[in-house]
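Take a look at the structure below.
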Amino acid sequence: MSHAPFDPDRDAPDFDDAARGDVDDDYREDPDAAPTVEGRIEQASTELTKLLRASFAATTLMALLIASVDAWRGRGFDNTVGYLIGAAVAVVNLRLLAGGFFQVMRGSAMSARAVIAFLGSFLGLVLLAAWIVLTHRAWTLGFALGLTTPAVAGILYGRSLPK
């Protein structure tokens, strides 16, 4: 099967679709959103609390699984210790980033709190990961698994949402 060469007149996208109104890119306000910024932040804070509860459940479930594997292997609980440190850091980081995002929602993206939240989050994770790898190599796998805890928590949280 042969293909015809690219012809810009024939194959280029039709940008006139937007001019005719054929493209649906209109902004639609969320009917469930609070009317004020502080109200939306309160709603987001409530959802963050639910996500943090899901993080606790995810941490508990994953820690039990990792501890079970460590016990079965019979070589100590280095992975479990690394996991608990990684999970704690990931959940604290989640909360820190949420605080920075709430500042962005208030229109204070360059406020000290927002900048410290985003830069501190990144720098803290990099420094802690380097410390773990360089000084407690046996914890590295567990620590890496611990950093995935918010993702597992997000799955648990998502399953709790109405359909």
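Please note that chains go A, B, ... in the order of the structure tokens, that every chain numbers its residues from 1, and that ligands are numbered from 1 in the order shown.
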So which residues touch Leu51 in chain A within 7 Å, counting only C-alpha atoms, skipping near sequence neighbours fewer than 4 positions away, as a PyMOL selection string?
chain A and resi 47+55+153-154+157
Taking only residues of range 8-108 of chain A that have an atom at most 7 Å from an atom of range 118-128 of chain A, what is each one's shortest atom pair and its distance in Å to one decimal, using only C-alpha atoms, in chain and number order, as JSON lines?
```
{"residue": "A:Asn93", "atom": "CA", "partner": "A:Ser121", "partner_atom": "CA", "distance": 6.0}
{"residue": "A:Leu97", "atom": "CA", "partner": "A:Phe118", "partner_atom": "CA", "distance": 6.2}
{"residue": "A:Gly100", "atom": "CA", "partner": "A:Phe118", "partner_atom": "CA", "distance": 6.6}
```
Quick one: write out the picked residues with N, CA, C and O atoms as a PDB file, in the first residue's frame?
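File written: out29.pdb
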```pdb
ATOM      1  N   ASN A  93       5.380  15.645  51.882  1.00  0.00           N
ATOM      2  CA  ASN A  93       5.607  16.399  50.650  1.00  0.00           C
ATOM      3  C   ASN A  93       4.281  16.732  49.962  1.00  0.00           C
ATOM      4  O   ASN A  93       4.094  17.838  49.452  1.00  0.00           O
ATOM      5  N   LEU A  97       3.156  20.517  49.218  1.00  0.00           N
ATOM      6  CA  LEU A  97       2.799  20.993  47.876  1.00  0.00           C
ATOM      7  C   LEU A  97       1.368  21.514  47.827  1.00  0.00           C
ATOM      8  O   LEU A  97       1.086  22.481  47.112  1.00  0.00           O
ATOM      9  N   GLY A 100       1.369  25.040  49.006  1.00  0.00           N
ATOM     10  CA  GLY A 100       1.858  25.916  47.946  1.00  0.00           C
ATOM     11  C   GLY A 100       0.808  26.141  46.876  1.00  0.00           C
ATOM     12  O   GLY A 100       0.624  27.255  46.375  1.00  0.00           O
TER      13      GLY A 100
END
```
Sorted by chain and rising residue number, which residues of range 47-120 of chain A lie within 12 Å of range 31-39 of chain A, and what are their closest atom pairs and distances in Å to one decimal, counting only C-alpha atoms, as a tab-separated table?
```
residue	atom	partner	partner_atom	distance
A:Phe102	CA	A:Glu38	CA	9.1
A:Gln103	CA	A:Val37	CA	10.4
A:Val104	CA	A:Val37	CA	10.5
A:Met105	CA	A:Val37	CA	6.9
A:Arg106	CA	A:Val37	CA	6.4
A:Gly107	CA	A:Val37	CA	9.2
A:Ser108	CA	A:Val37	CA	11.9
```
Could you tell me how far CA of Ala151 in chain A sits from CA of Phe56 in chain A, in Å to one decimal place?
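It comes out at 12.2 Å.
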My list of candidates is A:Ala63, A:Val92, A:Leu161, A:Val69. Which is closest to Leu145 in chain A when distances are computed with only C-alpha atoms?
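With only C-alpha atoms as the atom set, the closest residue is A:Ala63.
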So how far away is CA of Leu64 in chain A from CA of Leu141 in chain A, in Å?
15.4 Å
Contact residues around Ser68 in chain A with only C-alpha atoms at 10 Å, ignoring same-chain residues under 5 positions, as a list of chain:residue names
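My reading of the contact set: A:Met62, A:Ala63, A:Arg73, A:Gly74, A:Phe77, A:Thr80.
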Enter the distance from CA of Thr135 in chain A to CA of Ala71 in chain A, in Å, rounded to one decimal.
23.1 Å
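Residues in contact range of Ala54 in chain A, defined as at most 10 Å between only C-alpha atoms, with sequence neighbours fewer than 2 positions away removed, read Leu48, Thr49, Lys50, Leu51, Leu52, Phe56, Ala57, Ala58, Thr59, Thr60, Thr149, Pro150, Val152, Ala153, Gly154, Ile155, Leu156, Tyr157, Gly158 and Ser160 of chain A.
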